[in-house]
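As provided, data-v1.cif (mmCIF, C-alpha atoms and all ligand atoms) reads as follows.
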```cif
data_data
#
loop_
_atom_site.group_PDB
_atom_site.id
_atom_site.type_symbol
_atom_site.label_atom_id
_atom_site.label_comp_id
_atom_site.auth_asym_id
_atom_site.auth_seq_id
_atom_site.Cartn_x
_atom_site.Cartn_y
_atom_site.Cartn_z
ATOM 1 C CA MET A 1 0.000 0.000 0.000
ATOM 2 C CA ALA A 2 1.344 3.426 -0.893
ATOM 3 C CA ALA A 3 1.611 5.965 1.905
ATOM 4 C CA GLU A 4 -1.708 7.727 2.518
ATOM 5 C CA THR A 5 -2.006 11.383 1.573
ATOM 6 C CA GLY A 6 -0.926 13.446 4.551
ATOM 7 C CA ASP A 7 1.565 10.880 5.867
ATOM 8 C CA SER A 8 5.140 12.064 6.286
ATOM 9 C CA ILE A 9 7.588 9.434 5.106
ATOM 10 C CA ARG A 10 10.951 8.753 6.734
ATOM 11 C CA VAL A 11 13.826 9.065 4.291
ATOM 12 C CA ALA A 12 17.459 7.928 4.506
ATOM 13 C CA VAL A 13 19.868 9.948 2.370
ATOM 14 C CA THR A 14 23.126 8.392 1.220
ATOM 15 C CA GLY A 15 25.960 10.533 -0.128
ATOM 16 C CA ALA A 16 24.716 13.216 2.262
ATOM 17 C CA GLY A 17 27.887 15.265 1.797
ATOM 18 C CA GLY A 18 27.690 15.263 -2.002
ATOM 19 C CA ARG A 19 26.117 17.898 -4.252
ATOM 20 C CA MET A 20 22.834 16.011 -4.658
ATOM 21 C CA GLY A 21 22.723 14.527 -1.155
ATOM 22 C CA ARG A 22 22.921 18.022 0.339
ATOM 23 C CA GLU A 23 20.267 19.267 -2.053
ATOM 24 C CA VAL A 24 17.905 16.415 -1.097
ATOM 25 C CA ILE A 25 18.320 17.074 2.633
ATOM 26 C CA GLU A 26 17.724 20.797 2.138
ATOM 27 C CA ALA A 27 14.668 20.159 -0.052
ATOM 28 C CA ALA A 28 13.199 17.726 2.499
ATOM 29 C CA SER A 29 13.428 20.359 5.226
ATOM 30 C CA ASP A 30 10.926 22.500 3.264
ATOM 31 C CA ARG A 31 8.339 19.721 2.780
ATOM 32 C CA ASP A 32 5.576 18.296 4.932
ATOM 33 C CA ASP A 33 5.395 14.908 3.176
ATOM 34 C CA CYS A 34 8.852 13.671 4.151
ATOM 35 C CA GLU A 35 11.527 13.987 6.800
ATOM 36 C CA VAL A 36 15.167 12.927 6.795
ATOM 37 C CA ALA A 37 15.380 10.186 9.394
ATOM 38 C CA LEU A 38 18.957 9.195 8.550
ATOM 39 C CA ALA A 39 21.815 10.687 6.536
ATOM 40 C CA VAL A 40 25.102 8.925 5.815
ATOM 41 C CA ASN A 41 28.305 9.701 3.951
ATOM 42 C CA ARG A 42 31.541 7.821 3.245
ATOM 43 C CA SER A 43 33.751 10.715 4.395
ATOM 44 C CA PRO A 44 33.041 12.619 7.600
ATOM 45 C CA VAL A 45 31.018 15.802 6.991
ATOM 46 C CA ASP A 46 29.452 18.465 9.201
ATOM 47 C CA PRO A 47 25.667 18.399 9.709
ATOM 48 C CA VAL A 48 23.683 19.312 6.584
ATOM 49 C CA ALA A 49 20.687 21.599 7.146
ATOM 50 C CA GLY A 50 20.841 20.600 10.812
ATOM 51 C CA VAL A 51 20.859 16.860 10.071
ATOM 52 C CA GLU A 52 23.682 14.823 11.588
ATOM 53 C CA VAL A 53 25.561 12.801 8.968
ATOM 54 C CA ARG A 54 26.567 9.303 10.095
ATOM 55 C CA ASP A 55 29.264 6.959 8.763
ATOM 56 C CA ALA A 56 28.034 5.167 5.619
ATOM 57 C CA ALA A 57 29.879 2.014 6.725
ATOM 58 C CA ASP A 58 27.225 1.657 9.447
ATOM 59 C CA LEU A 59 24.276 1.905 7.036
ATOM 60 C CA PRO A 60 23.065 -1.738 7.364
ATOM 61 C CA ALA A 61 22.995 -1.515 11.165
ATOM 62 C CA LEU A 62 21.471 1.967 11.126
ATOM 63 C CA LEU A 63 18.663 0.848 8.825
ATOM 64 C CA ALA A 64 18.034 -2.327 10.811
ATOM 65 C CA GLY A 65 17.927 -0.403 14.092
ATOM 66 C CA ALA A 66 15.863 2.585 12.944
ATOM 67 C CA ASP A 67 12.770 3.003 15.124
ATOM 68 C CA PRO A 68 10.415 4.063 13.642
ATOM 69 C CA ALA A 69 11.631 2.340 10.487
ATOM 70 C CA VAL A 70 12.994 4.203 7.464
ATOM 71 C CA ASP A 71 10.512 4.125 4.557
ATOM 72 C CA VAL A 72 12.697 5.050 1.575
ATOM 73 C CA LEU A 73 16.424 5.359 0.914
ATOM 74 C CA VAL A 74 17.368 8.093 -1.586
ATOM 75 C CA ASP A 75 20.700 7.486 -3.277
ATOM 76 C CA PHE A 76 22.764 9.889 -5.356
ATOM 77 C CA THR A 77 26.329 8.571 -4.994
ATOM 78 C CA GLY A 78 28.436 6.451 -7.361
ATOM 79 C CA PRO A 79 27.730 3.090 -9.006
ATOM 80 C CA ASP A 80 29.723 0.919 -6.522
ATOM 81 C CA SER A 81 28.323 2.588 -3.433
ATOM 82 C CA SER A 82 24.830 2.704 -4.895
ATOM 83 C CA VAL A 83 24.827 -1.075 -5.324
ATOM 84 C CA GLU A 84 26.143 -1.478 -1.782
ATOM 85 C CA TYR A 85 23.542 0.859 -0.264
ATOM 86 C CA VAL A 86 20.602 -0.466 -2.261
ATOM 87 C CA THR A 87 21.571 -4.024 -1.305
ATOM 88 C CA ALA A 88 21.681 -2.982 2.352
ATOM 89 C CA ALA A 89 18.277 -1.316 2.009
ATOM 90 C CA ALA A 90 16.822 -4.426 0.375
ATOM 91 C CA GLY A 91 18.141 -6.491 3.300
ATOM 92 C CA ALA A 92 16.369 -4.169 5.714
ATOM 93 C CA GLY A 93 13.116 -4.055 3.711
ATOM 94 C CA VAL A 94 13.560 -0.386 2.798
ATOM 95 C CA ALA A 95 12.380 0.976 -0.568
ATOM 96 C CA CYS A 96 14.917 2.790 -2.766
ATOM 97 C CA VAL A 97 14.946 5.833 -5.035
ATOM 98 C CA VAL A 98 18.130 5.721 -7.112
ATOM 99 C CA GLY A 99 19.384 8.749 -9.032
ATOM 100 C CA THR A 100 22.954 7.579 -9.433
ATOM 101 C CA THR A 101 24.150 7.148 -13.021
ATOM 102 C CA GLY A 102 27.059 5.384 -14.712
ATOM 103 C CA PHE A 103 26.270 1.742 -13.833
ATOM 104 C CA ASP A 104 27.846 -1.133 -15.774
ATOM 105 C CA ASP A 105 25.822 -4.233 -16.678
ATOM 106 C CA GLU A 106 26.785 -6.141 -13.527
ATOM 107 C CA GLN A 107 25.795 -3.225 -11.325
ATOM 108 C CA GLU A 108 22.512 -2.852 -13.223
ATOM 109 C CA ALA A 109 21.804 -6.528 -12.501
ATOM 110 C CA ALA A 110 22.528 -6.071 -8.796
ATOM 111 C CA ILE A 111 20.054 -3.184 -8.592
ATOM 112 C CA ALA A 112 17.488 -5.288 -10.473
ATOM 113 C CA ASP A 113 18.002 -8.078 -7.902
ATOM 114 C CA ALA A 114 17.192 -5.660 -5.084
ATOM 115 C CA ALA A 115 13.891 -4.878 -6.808
ATOM 116 C CA ASP A 116 12.882 -8.511 -6.214
ATOM 117 C CA ALA A 117 12.824 -7.731 -2.488
ATOM 118 C CA VAL A 118 11.769 -4.079 -2.221
ATOM 119 C CA PRO A 119 10.339 -1.337 -4.458
ATOM 120 C CA VAL A 120 13.156 0.362 -6.393
ATOM 121 C CA LEU A 121 12.526 3.474 -8.486
ATOM 122 C CA ARG A 122 15.305 4.659 -10.758
ATOM 123 C CA ALA A 123 15.684 7.652 -13.035
ATOM 124 C CA SER A 124 18.678 9.076 -14.826
ATOM 125 C CA ASN A 125 16.976 12.460 -14.411
ATOM 126 C CA PHE A 126 14.365 13.517 -11.855
ATOM 127 C CA SER A 127 13.220 16.708 -13.589
ATOM 128 C CA ARG A 128 9.731 16.857 -15.070
ATOM 129 C CA GLY A 129 11.137 18.791 -18.015
ATOM 130 C CA ILE A 130 13.283 15.833 -19.029
ATOM 131 C CA ALA A 131 10.268 13.518 -18.760
ATOM 132 C CA ALA A 132 8.503 15.834 -21.237
ATOM 133 C CA LEU A 133 11.625 16.061 -23.422
ATOM 134 C CA ARG A 134 11.739 12.260 -23.647
ATOM 135 C CA ARG A 135 8.173 12.143 -24.959
ATOM 136 C CA ALA A 136 8.874 14.967 -27.432
ATOM 137 C CA VAL A 137 12.080 13.319 -28.670
ATOM 138 C CA SER A 138 10.389 9.953 -29.180
ATOM 139 C CA ALA A 139 7.557 11.568 -31.154
ATOM 140 C CA ALA A 140 9.924 13.707 -33.244
ATOM 141 C CA ALA A 141 12.276 10.816 -34.011
ATOM 142 C CA ALA A 142 9.352 8.693 -35.229
ATOM 143 C CA ALA A 143 7.996 11.596 -37.305
ATOM 144 C CA LEU A 144 11.310 12.393 -38.988
ATOM 145 C CA PRO A 145 12.585 9.222 -40.694
ATOM 146 C CA GLY A 146 15.945 9.625 -42.354
ATOM 147 C CA TYR A 147 16.944 12.695 -40.360
ATOM 148 C CA ASP A 148 20.421 12.859 -38.835
ATOM 149 C CA VAL A 149 20.327 12.880 -35.022
ATOM 150 C CA GLU A 150 22.954 14.298 -32.653
ATOM 151 C CA VAL A 151 22.718 14.367 -28.841
ATOM 152 C CA THR A 152 24.740 16.885 -26.823
ATOM 153 C CA GLU A 153 24.899 17.092 -23.038
ATOM 154 C CA THR A 154 26.664 19.735 -20.929
ATOM 155 C CA HIS A 155 27.444 19.457 -17.214
ATOM 156 C CA HIS A 156 29.577 20.964 -14.454
ATOM 157 C CA ASN A 157 33.266 20.179 -14.340
ATOM 158 C CA GLY A 158 32.858 17.804 -11.364
ATOM 159 C CA LYS A 159 30.732 15.245 -13.182
ATOM 160 C CA VAL A 160 32.380 11.835 -13.346
ATOM 161 C CA ASP A 161 30.418 9.804 -15.898
ATOM 162 C CA ALA A 162 30.127 10.601 -19.607
ATOM 163 C CA PRO A 163 27.899 10.566 -21.480
ATOM 164 C CA SER A 164 25.382 11.523 -18.818
ATOM 165 C CA GLY A 165 22.773 9.014 -17.712
ATOM 166 C CA THR A 166 20.115 11.252 -19.228
ATOM 167 C CA ALA A 167 21.868 11.279 -22.594
ATOM 168 C CA LEU A 168 21.971 7.466 -22.510
ATOM 169 C CA THR A 169 18.239 7.378 -21.735
ATOM 170 C CA LEU A 170 17.529 9.743 -24.649
ATOM 171 C CA LEU A 171 19.673 7.572 -26.922
ATOM 172 C CA ASP A 172 17.646 4.495 -25.925
ATOM 173 C CA ASP A 173 14.434 6.412 -26.675
ATOM 174 C CA ILE A 174 15.725 7.557 -30.081
ATOM 175 C CA GLU A 175 16.891 4.074 -31.048
ATOM 176 C CA GLU A 176 13.515 2.643 -30.105
ATOM 177 C CA ALA A 177 11.768 5.125 -32.411
ATOM 178 C CA ARG A 178 14.426 4.890 -35.135
ATOM 179 C CA PRO A 179 15.794 1.303 -35.217
ATOM 180 C CA ASP A 180 17.847 2.242 -38.308
ATOM 181 C CA LEU A 181 20.088 4.337 -36.041
ATOM 182 C CA ASP A 182 22.296 1.658 -34.538
ATOM 183 C CA GLU A 183 25.742 3.211 -34.132
ATOM 184 C CA ARG A 184 26.575 5.687 -31.365
ATOM 185 C CA VAL A 185 29.536 7.848 -32.398
ATOM 186 C CA HIS A 186 31.049 9.551 -29.358
ATOM 187 C CA GLY A 187 32.691 12.845 -30.288
ATOM 188 C CA ARG A 188 33.820 12.929 -33.847
ATOM 189 C CA GLU A 189 37.216 13.254 -35.451
ATOM 190 C CA GLY A 190 38.949 11.968 -38.553
ATOM 191 C CA ASP A 191 38.310 12.441 -42.240
ATOM 192 C CA ALA A 192 35.211 10.381 -43.061
ATOM 193 C CA PRO A 193 31.717 11.784 -43.590
ATOM 194 C CA ARG A 194 28.795 10.843 -41.384
ATOM 195 C CA THR A 195 27.095 7.510 -42.130
ATOM 196 C CA ASP A 196 23.328 6.936 -42.157
ATOM 197 C CA GLY A 197 23.155 4.728 -39.064
ATOM 198 C CA GLU A 198 25.014 7.091 -36.745
ATOM 199 C CA ILE A 199 23.780 9.010 -33.749
ATOM 200 C CA GLY A 200 26.414 11.550 -32.686
ATOM 201 C CA VAL A 201 26.938 11.830 -28.924
ATOM 202 C CA HIS A 202 28.762 14.814 -27.426
ATOM 203 C CA ALA A 203 29.630 15.457 -23.777
ATOM 204 C CA ARG A 204 30.839 18.858 -22.570
ATOM 205 C CA ARG A 205 32.119 19.635 -19.048
ATOM 206 C CA ALA A 206 32.412 23.236 -17.907
ATOM 207 C CA GLY A 207 31.883 25.447 -14.864
ATOM 208 C CA ASP A 208 28.914 24.789 -12.602
ATOM 209 C CA ILE A 209 26.267 23.959 -15.235
ATOM 210 C CA ALA A 210 23.588 21.857 -13.500
ATOM 211 C CA GLY A 211 22.676 19.905 -16.649
ATOM 212 C CA GLU A 212 21.724 20.596 -20.254
ATOM 213 C CA HIS A 213 20.551 18.134 -22.911
ATOM 214 C CA GLU A 214 19.984 18.928 -26.569
ATOM 215 C CA VAL A 215 18.718 16.651 -29.319
ATOM 216 C CA LEU A 216 19.229 17.910 -32.858
ATOM 217 C CA MET A 217 17.428 16.341 -35.820
ATOM 218 C CA ALA A 218 18.428 17.617 -39.238
ATOM 219 C CA GLY A 219 17.028 16.810 -42.669
ATOM 220 C CA ASP A 220 17.141 18.628 -45.975
ATOM 221 C CA GLU A 221 16.705 22.340 -45.355
ATOM 222 C CA ASN A 222 15.110 21.979 -41.944
ATOM 223 C CA VAL A 223 16.412 21.429 -38.452
ATOM 224 C CA LEU A 224 14.634 20.594 -35.204
ATOM 225 C CA GLU A 225 16.368 21.263 -31.867
ATOM 226 C CA LEU A 226 14.853 20.123 -28.563
ATOM 227 C CA THR A 227 16.667 21.384 -25.461
ATOM 228 C CA HIS A 228 16.240 21.085 -21.710
ATOM 229 C CA ARG A 229 18.242 23.147 -19.217
ATOM 230 C CA ALA A 230 18.171 22.564 -15.484
ATOM 231 C CA GLY A 231 18.596 25.871 -13.686
ATOM 232 C CA SER A 232 19.838 24.201 -10.505
ATOM 233 C CA ARG A 233 19.917 20.844 -8.725
ATOM 234 C CA ARG A 234 16.808 21.763 -6.732
ATOM 235 C CA VAL A 235 14.648 20.425 -9.536
ATOM 236 C CA PHE A 236 16.288 16.972 -9.293
ATOM 237 C CA ALA A 237 15.977 16.887 -5.495
ATOM 238 C CA ALA A 238 12.285 17.825 -5.663
ATOM 239 C CA GLY A 239 11.620 15.097 -8.215
ATOM 240 C CA ALA A 240 13.482 12.492 -6.160
ATOM 241 C CA LEU A 241 11.449 13.344 -3.056
ATOM 242 C CA ASP A 242 8.211 13.276 -5.079
ATOM 243 C CA ALA A 243 9.313 9.804 -6.174
ATOM 244 C CA ALA A 244 10.089 8.746 -2.595
ATOM 245 C CA ALA A 245 6.664 9.881 -1.367
ATOM 246 C CA TRP A 246 5.026 8.001 -4.255
ATOM 247 C CA LEU A 247 7.087 4.831 -3.704
ATOM 248 C CA ALA A 248 6.641 4.389 0.042
ATOM 249 C CA GLY A 249 4.486 1.383 0.839
ATOM 250 C CA ARG A 250 4.343 -0.031 -2.694
ATOM 251 C CA ASP A 251 5.011 -3.645 -3.614
ATOM 252 C CA ALA A 252 8.525 -4.869 -4.441
ATOM 253 C CA GLY A 253 9.475 -4.273 -8.065
ATOM 254 C CA ALA A 254 11.197 -1.905 -10.469
ATOM 255 C CA TYR A 255 9.494 1.455 -10.983
ATOM 256 C CA ASP A 256 10.184 4.395 -13.283
ATOM 257 C CA PHE A 257 9.883 8.131 -12.620
ATOM 258 C CA THR A 258 7.393 8.441 -15.479
ATOM 259 C CA GLU A 259 4.937 6.438 -13.324
ATOM 260 C CA VAL A 260 5.142 9.110 -10.612
ATOM 261 C CA LEU A 261 4.118 11.747 -13.138
ATOM 262 C CA GLU A 262 1.123 9.877 -14.577
HETATM 263 N N1 LIG A 301 18.991 11.265 -11.579
HETATM 264 C C1 LIG A 301 19.180 12.593 -11.444
HETATM 265 O O1 LIG A 301 18.227 13.413 -11.600
HETATM 266 C C2 LIG A 301 20.525 13.087 -11.070
HETATM 267 C C3 LIG A 301 21.540 12.200 -10.953
HETATM 268 N N2 LIG A 301 22.773 12.622 -10.519
HETATM 269 C C4 LIG A 301 23.754 11.570 -10.296
HETATM 270 O O2 LIG A 301 23.958 11.460 -8.904
HETATM 271 C C5 LIG A 301 25.276 10.999 -8.654
HETATM 272 C C6 LIG A 301 25.955 11.920 -7.636
HETATM 273 O O3 LIG A 301 26.115 13.197 -8.192
HETATM 274 P P1 LIG A 301 26.689 14.405 -7.302
HETATM 275 O O4 LIG A 301 25.910 14.566 -6.053
HETATM 276 O O5 LIG A 301 26.830 15.562 -8.224
HETATM 277 O O6 LIG A 301 28.145 13.838 -6.948
HETATM 278 P P2 LIG A 301 29.145 14.293 -5.800
HETATM 279 O O7 LIG A 301 30.508 13.900 -6.269
HETATM 280 O O8 LIG A 301 28.902 15.702 -5.396
HETATM 281 O O9 LIG A 301 28.748 13.371 -4.539
HETATM 282 C C7 LIG A 301 28.930 11.994 -4.592
HETATM 283 C C8 LIG A 301 28.568 11.427 -3.232
HETATM 284 O O10 LIG A 301 28.666 10.017 -3.329
HETATM 285 C C9 LIG A 301 29.666 9.548 -2.446
HETATM 286 N N3 LIG A 301 30.431 8.494 -3.102
HETATM 287 C C10 LIG A 301 30.911 8.513 -4.357
HETATM 288 N N4 LIG A 301 31.569 7.374 -4.618
HETATM 289 C C11 LIG A 301 31.498 6.630 -3.496
HETATM 290 C C12 LIG A 301 31.979 5.338 -3.131
HETATM 291 N N5 LIG A 301 32.675 4.568 -4.000
HETATM 292 N N6 LIG A 301 31.725 4.877 -1.892
HETATM 293 C C13 LIG A 301 31.000 5.638 -1.028
HETATM 294 N N7 LIG A 301 30.529 6.859 -1.299
HETATM 295 C C14 LIG A 301 30.765 7.351 -2.530
HETATM 296 C C15 LIG A 301 30.526 10.732 -2.090
HETATM 297 O O11 LIG A 301 31.102 10.520 -0.821
HETATM 298 P P3 LIG A 301 32.409 11.334 -0.337
HETATM 299 O O12 LIG A 301 31.906 12.648 0.212
HETATM 300 O O13 LIG A 301 33.011 10.472 0.698
HETATM 301 O O14 LIG A 301 33.276 11.496 -1.554
HETATM 302 C C16 LIG A 301 29.505 11.859 -2.110
HETATM 303 O O15 LIG A 301 28.779 11.913 -0.927
HETATM 304 C C17 LIG A 301 25.961 10.932 -10.025
HETATM 305 O O16 LIG A 301 25.886 9.594 -10.495
HETATM 306 C C18 LIG A 301 25.108 11.850 -10.884
HETATM 307 O O17 LIG A 301 25.159 11.543 -12.250
HETATM 308 C C19 LIG A 301 23.030 13.916 -10.243
HETATM 309 C C20 LIG A 301 22.049 14.860 -10.390
HETATM 310 C C21 LIG A 301 20.712 14.522 -10.807
HETATM 311 O O1 LIG A 302 25.829 14.542 -12.532
HETATM 312 C C1 LIG A 302 24.942 15.404 -12.673
HETATM 313 O O2 LIG A 302 25.067 16.557 -12.250
HETATM 314 C C2 LIG A 302 23.710 15.012 -13.348
HETATM 315 N N1 LIG A 302 23.562 13.753 -13.672
HETATM 316 C C3 LIG A 302 22.434 13.157 -14.278
HETATM 317 C C4 LIG A 302 22.840 12.494 -15.574
HETATM 318 O O3 LIG A 302 23.925 11.880 -15.630
HETATM 319 O O4 LIG A 302 22.079 12.556 -16.530
HETATM 320 C C5 LIG A 302 21.241 14.062 -14.382
HETATM 321 C C6 LIG A 302 21.535 15.532 -14.487
HETATM 322 O O5 LIG A 302 21.747 15.870 -15.826
HETATM 323 C C7 LIG A 302 22.650 16.007 -13.594
#
```
Go ahead and express the file in the form of structure tokens.
Ligand SMILES: NC(=O)C1=CN([C@@H]2O[C@H](COP(=O)(O)OP(=O)(O)OC[C@H]3O[C@@H](n4cnc5c(N)ncnc54)[C@H](OP(=O)(O)O)[C@@H]3O)[C@@H](O)[C@H]2O)C=CC1
Ligand SMILES: O=C(O)C1=N[C@H](C(=O)O)C[C@H](O)C1
Amino acid sequence: MAAETGDSIRVAVTGAGGRMGREVIEAASDRDDCEVALAVNRSPVDPVAGVEVRDAADLPALLAGADPAVDVLVDFTGPDSSVEYVTAAAGAGVACVVGTTGFDDEQEAAIADAADAVPVLRASNFSRGIAALRRAVSAAAAALPGYDVEVTETHHNGKVDAPSGTALTLLDDIEEARPDLDERVHGREGDAPRTDGEIGVHARRAGDIAGEHEVLMAGDENVLELTHRAGSRRVFAAGALDAAAWLAGRDAGAYDFTEVLE
């Protein structure tokens, strides 16, 4: 059973000292539908928005001993730690919202295993604008057969994974609508022209840009550009907490952010 309207859910935040972890804790402090019951980080950090940050190595014991219990763990960390934390949450019967990107196939499988035990909701991007962009891109790709498609993402200089998780999601969407596009060309250099099956993929890293994604579709004498820009990380934190409130109390299984928005 999902949490009833009006209930405040108890959230555990991993990576509490990171850019997104801090943003999630700060966003939760402004909401009535959730409270941060537990915050952990690998490295020691000072309290965030008045919330004490505990040692992430103790997460399994902290989850098991939480009274009242934690409802949902919200994870924005790295692929290795995300698998570790989600596995710990599954062991403790705690639902998970996962925003971390950059998983390899083995790590993807480990997260999928956790969804056999608890509800797990993942999204490469928790902004509603990207959810709308995905729908627009799918429709445009299907409507424009034969057009050349290029995806460009731009992020802050601290981002580790490239291309971004969102860019990979958009690429999956484009390939589903245009099965003839079956070769991802990352960056481009050399002396050969573009081939028909290519999708160009470009990752830029600069300054403190929160996240920009652009899909360009070009045919003869007309060009369509669809762009989303996140103004700050607040939008991702709000979406992740909306997802946590939606997920609490649901059955075990894998869920998608688009379901929260339906
Ligand atoms: N889905 C979405 O909407 C969004 C997803 N993201 C994704 O969230 C993730 C985090 O991004 P961001 O907050 O900017 O990153 P930061 O580098 O600012 O923070 C990363 C956090 O994860 C911890 N961490 C990283 N690696 C490990 C590890 N191996 N073991 C334990 N802890 C670890 C860090 O701990 P420590 O302090 O000890 O280093 C830190 O708390 C990325 O994958 C990013 O792509 C980001 C924004 C939005
Ligand atoms: O690392 C980030 O900052 C972001 N990561 C996500 C991604 O990889 O797509 C989402 C957002 O663009 C910000």
**Item:** the PyMOL selection byres (((chain A and resi 33-39) around 8) and not hetatm) applied to the shown file, residues as a VMD selection string
**Value:** chain A and resid 6 to 16 25 28 to 29 31 to 32 40 to 41 51 to 54 70 241 245
To test the calculation: enclose all listed atoms of ligand LIG 301 (chain A) in a box whose edges run along x, y and z, add 4 Å on each side, then state centre and edge lengths in Å to one decimal, as JSON.
```
{"center_x": 25.8, "center_y": 10.1, "center_z": -5.8, "size_x": 23.0, "size_y": 19.1, "size_z": 20.9}
```
**Request:** Name each residue within 9 Å of ligand LIG 301 (chain A), counting only C-alpha atoms and all ligand atoms, as a VMD selection string.
**Result:** chain A and resid 14 to 23 40 to 45 56 to 57 75 to 82 84 to 85 98 to 103 122 to 127 156 158 to 162 164 to 166 210 to 211 233 235 to 237 239 to 240
**Message:** Given the PyMOL selection byres (((chain A and resi 112) around 12) and not hetatm) and the file above, list the residues it selects as a VMD selection string.
**Reply:** chain A and resid 83 86 to 87 90 96 98 103 105 to 111 113 to 122 252 to 255
**Message:** Neighbouring residues of A:Arg178 were defined as those with any atom within 8 Å, considering all atoms listed in the file; residues of the same chain fewer than 6 positions away were excluded. Please report them as a PyMOL selection string.
**Reply:** chain A and resi 141-142+145
**Message:** Residues near stretch 170-175 of chain A, anyone? I mean within 10 Å using only C-alpha atoms, not counting same-chain ones fewer than 3 positions away, as number ranges by chain.
**Reply:** A: 124, 130, 133-135, 137-142, 149-151, 164-167, 178-184, 199-201, 213-215
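Rounded to one decimal, atom CA of A:Asp208 and atom CA of A:Val260 lie 28.5 Å from each other.
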**Item:** Interatomic distance (Å, one decimal) between atom CA of A:Asp191 and atom CA of A:Ala203
**Value:** 20.6 Å
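You can rank A:Asp242, A:Glu153, A:Asp256, A:Asp220 by their closest distance to ligand LIG 302 (chain A) using all atoms listed in the file, and at the top of that list sits A:Glu153.
The closest residue to A:Asn157, picked from A:Val72, A:Val48, A:Ala131, A:Ala206 and counting only C-alpha atoms, is A:Ala206.
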**Request:** Translate the PyMOL selection byres (((chain A and resi 148) around 7) and not hetatm), as applied to the file shown, into an explicit residue set as number ranges by chain.
**Result:** A: 146-147, 149-150, 217-219
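Of the listed residues (A:Gly231, A:Leu59, A:Glu198, A:Asp71), A:Gly231 comes nearest to ligand LIG 302 (chain A); the distances count all atoms listed in the file.
Our summary of the geometry notes that atom CA of A:His186 is positioned 18.5 Å from atom C5 of ligand LIG 302 (chain A).
Distances to ligand LIG 302 (chain A) were evaluated for A:Ala69, A:Ile209, A:Ala49, A:Ala192 using all atoms listed in the file, and the minimum falls at A:Ile209.
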